[in-house]
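What follows is one structure encoded as structure tokens, with my remarks underneath.
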Amino acid sequence: MPRKSRRKGSSGIYHIMIRGINRQTIFEEEEDKFKFLEVLSKYKGKSNYQIFSYCLMDNHVHLLMKESEEESISESIKRISSSYVYWYNWKYARCGHLFQERYKSEAVDTDSYFMTVLRYIHQNPLKAGLARTVFESKWTSLHEYLHKTSLVDIDYALSMFSPNRKKAIELFIQYMQEKNDDKCLDDWRKTMITDKEVRDQMRKLGVENMSALQQMEREDRDEVLAALKQLEGVSIRQISRVTGFSKSVVHRAEDRGTGSLSQ
């Protein structure tokens, strides 16, 4: 079945979601997230796109950005993805794909929907149960609006709140905290245990990251997967996402008597 062509927005502004293949982890540690932001900054200078907000989750990224006149949004995302994957594969001594081949996108053609997506991206960790407040997450662009700006183009969004900068920031803070039922592109699944806790348990078992696990002998690998399956609140889907192994591989790993995992 042929793919549907992406809808071209009249504003050139898009909400983009890039996620790991099979929902697997794309950021093993903080250095990886810093690197991704470095790549965004590098190609912003080369491709001349604008970034209005971002959120880095463990296995996916949200971006609100405007394409440049010189380059389409698809070309820019390809540059960003290729550069990060090249570095990631070098760091973790792996090869092959990291991101799902076809990123998700939606055109943002009205000011009202721009505001909705802006808040949605900043609230992503909060709605995923990974933060208690919208200000708590370290890996969103919210802090660039409130403190030092380095990557994000904040003027466009703040101008929608008020022409007075001080008043605009006050209204921005208020809006970012409002409860809502906004529905935009999404990829988080709330779990009883976080992906970070699963990775921490892997490290306690002597496995530093996903790539190290994937290079282990099958018997040793299955022993680690079996141990992860014993964690309270974890699911086979979540282990698959964090480790990069298919659900069937995780399911077949000897479970040492555990039979109550959610699928």
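Chain lettering (A, B, ...) mirrors the order of the structure tokens, residue numbering begins at 1 for each chain separately, and ligand numbering begins at 1 in order of display.
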Would you pick out the contacts of stretch 69-81 of chain A at 8 Å or less, using only C-alpha atoms, so that residues sharing its chain but fewer than 5 positions from it are not included, and give the list as an MDAnalysis selection string?
chainID A and resid 39:40 43 47:49 99
Report as a PyMOL selection string all protein, DNA and RNA residues lying within 8 Å of stretch 119-132 of chain A, evaluated on only C-alpha atoms, omitting residues in the same chain fewer than 5 positions from it.
chain A and resi 53-55+57+62-63+137+140-142+175-176+182+184+188-190+194
Tell me which protein, DNA and RNA residues are within 8 Å of A:Asn59, counting only C-alpha atoms, leaving out same-chain ones fewer than 5 positions away, and put them as a list in words.
Arg19, Gly20, Arg23, Gln24, Thr25, Ile26, Phe27 and Arg241 of chain A
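DSSP annotation of stretch 101-196 of chain A from backbone atoms: strand (DSSP E or B) residues are Lys104, Ser105, Glu106, Ala107 and Thr140 of chain A.
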Just the selected residues (all heavy atoms), exported as an mmCIF file, in the first residue's frame, please.
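Full text of result-v3.cif as output:
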data_model
loop_
_atom_site.group_PDB
_atom_site.id
_atom_site.type_symbol
_atom_site.label_atom_id
_atom_site.label_comp_id
_atom_site.auth_asym_id
_atom_site.auth_seq_id
_atom_site.Cartn_x
_atom_site.Cartn_y
_atom_site.Cartn_z
ATOM 1 N N LYS A 104 6.681 11.176 12.405
ATOM 2 C CA LYS A 104 5.317 11.686 12.383
ATOM 3 C C LYS A 104 5.343 13.211 12.332
ATOM 4 O O LYS A 104 6.231 13.846 12.897
ATOM 5 C CB LYS A 104 4.547 11.228 13.627
ATOM 6 C CG LYS A 104 4.192 9.752 13.639
ATOM 7 C CD LYS A 104 3.270 9.444 14.804
ATOM 8 C CE LYS A 104 2.800 7.998 14.769
ATOM 9 N NZ LYS A 104 1.839 7.708 15.878
ATOM 10 N N SER A 105 4.358 13.783 11.664
ATOM 11 C CA SER A 105 4.290 15.239 11.596
ATOM 12 C C SER A 105 2.846 15.683 11.415
ATOM 13 O O SER A 105 1.997 14.940 10.924
ATOM 14 C CB SER A 105 5.134 15.766 10.437
ATOM 15 O OG SER A 105 4.572 15.393 9.192
ATOM 16 N N GLU A 106 2.581 16.901 11.839
ATOM 17 C CA GLU A 106 1.291 17.534 11.586
ATOM 18 C C GLU A 106 1.528 19.014 11.341
ATOM 19 O O GLU A 106 2.385 19.645 11.989
ATOM 20 C CB GLU A 106 0.318 17.325 12.747
ATOM 21 C CG GLU A 106 0.791 17.870 14.076
ATOM 22 C CD GLU A 106 -0.242 17.702 15.187
ATOM 23 O OE1 GLU A 106 -1.387 17.348 14.866
ATOM 24 O OE2 GLU A 106 0.100 17.940 16.359
ATOM 25 N N ALA A 107 0.810 19.570 10.390
ATOM 26 C CA ALA A 107 0.930 20.994 10.091
ATOM 27 C C ALA A 107 0.278 21.814 11.193
ATOM 28 O O ALA A 107 -0.762 21.428 11.734
ATOM 29 C CB ALA A 107 0.276 21.300 8.746
ATOM 30 N N THR A 140 13.014 19.899 28.379
ATOM 31 C CA THR A 140 12.089 20.615 27.497
ATOM 32 C C THR A 140 12.622 22.036 27.309
ATOM 33 O O THR A 140 13.474 22.501 28.073
ATOM 34 C CB THR A 140 10.655 20.686 28.069
ATOM 35 O OG1 THR A 140 10.597 21.684 29.104
ATOM 36 C CG2 THR A 140 10.199 19.338 28.608
#
Taking only C-alpha atoms into account, name the residue in A:Asp195, A:Glu217, A:Asp111, A:Glu29 that is nearest to A:Val242.
A:Asp195
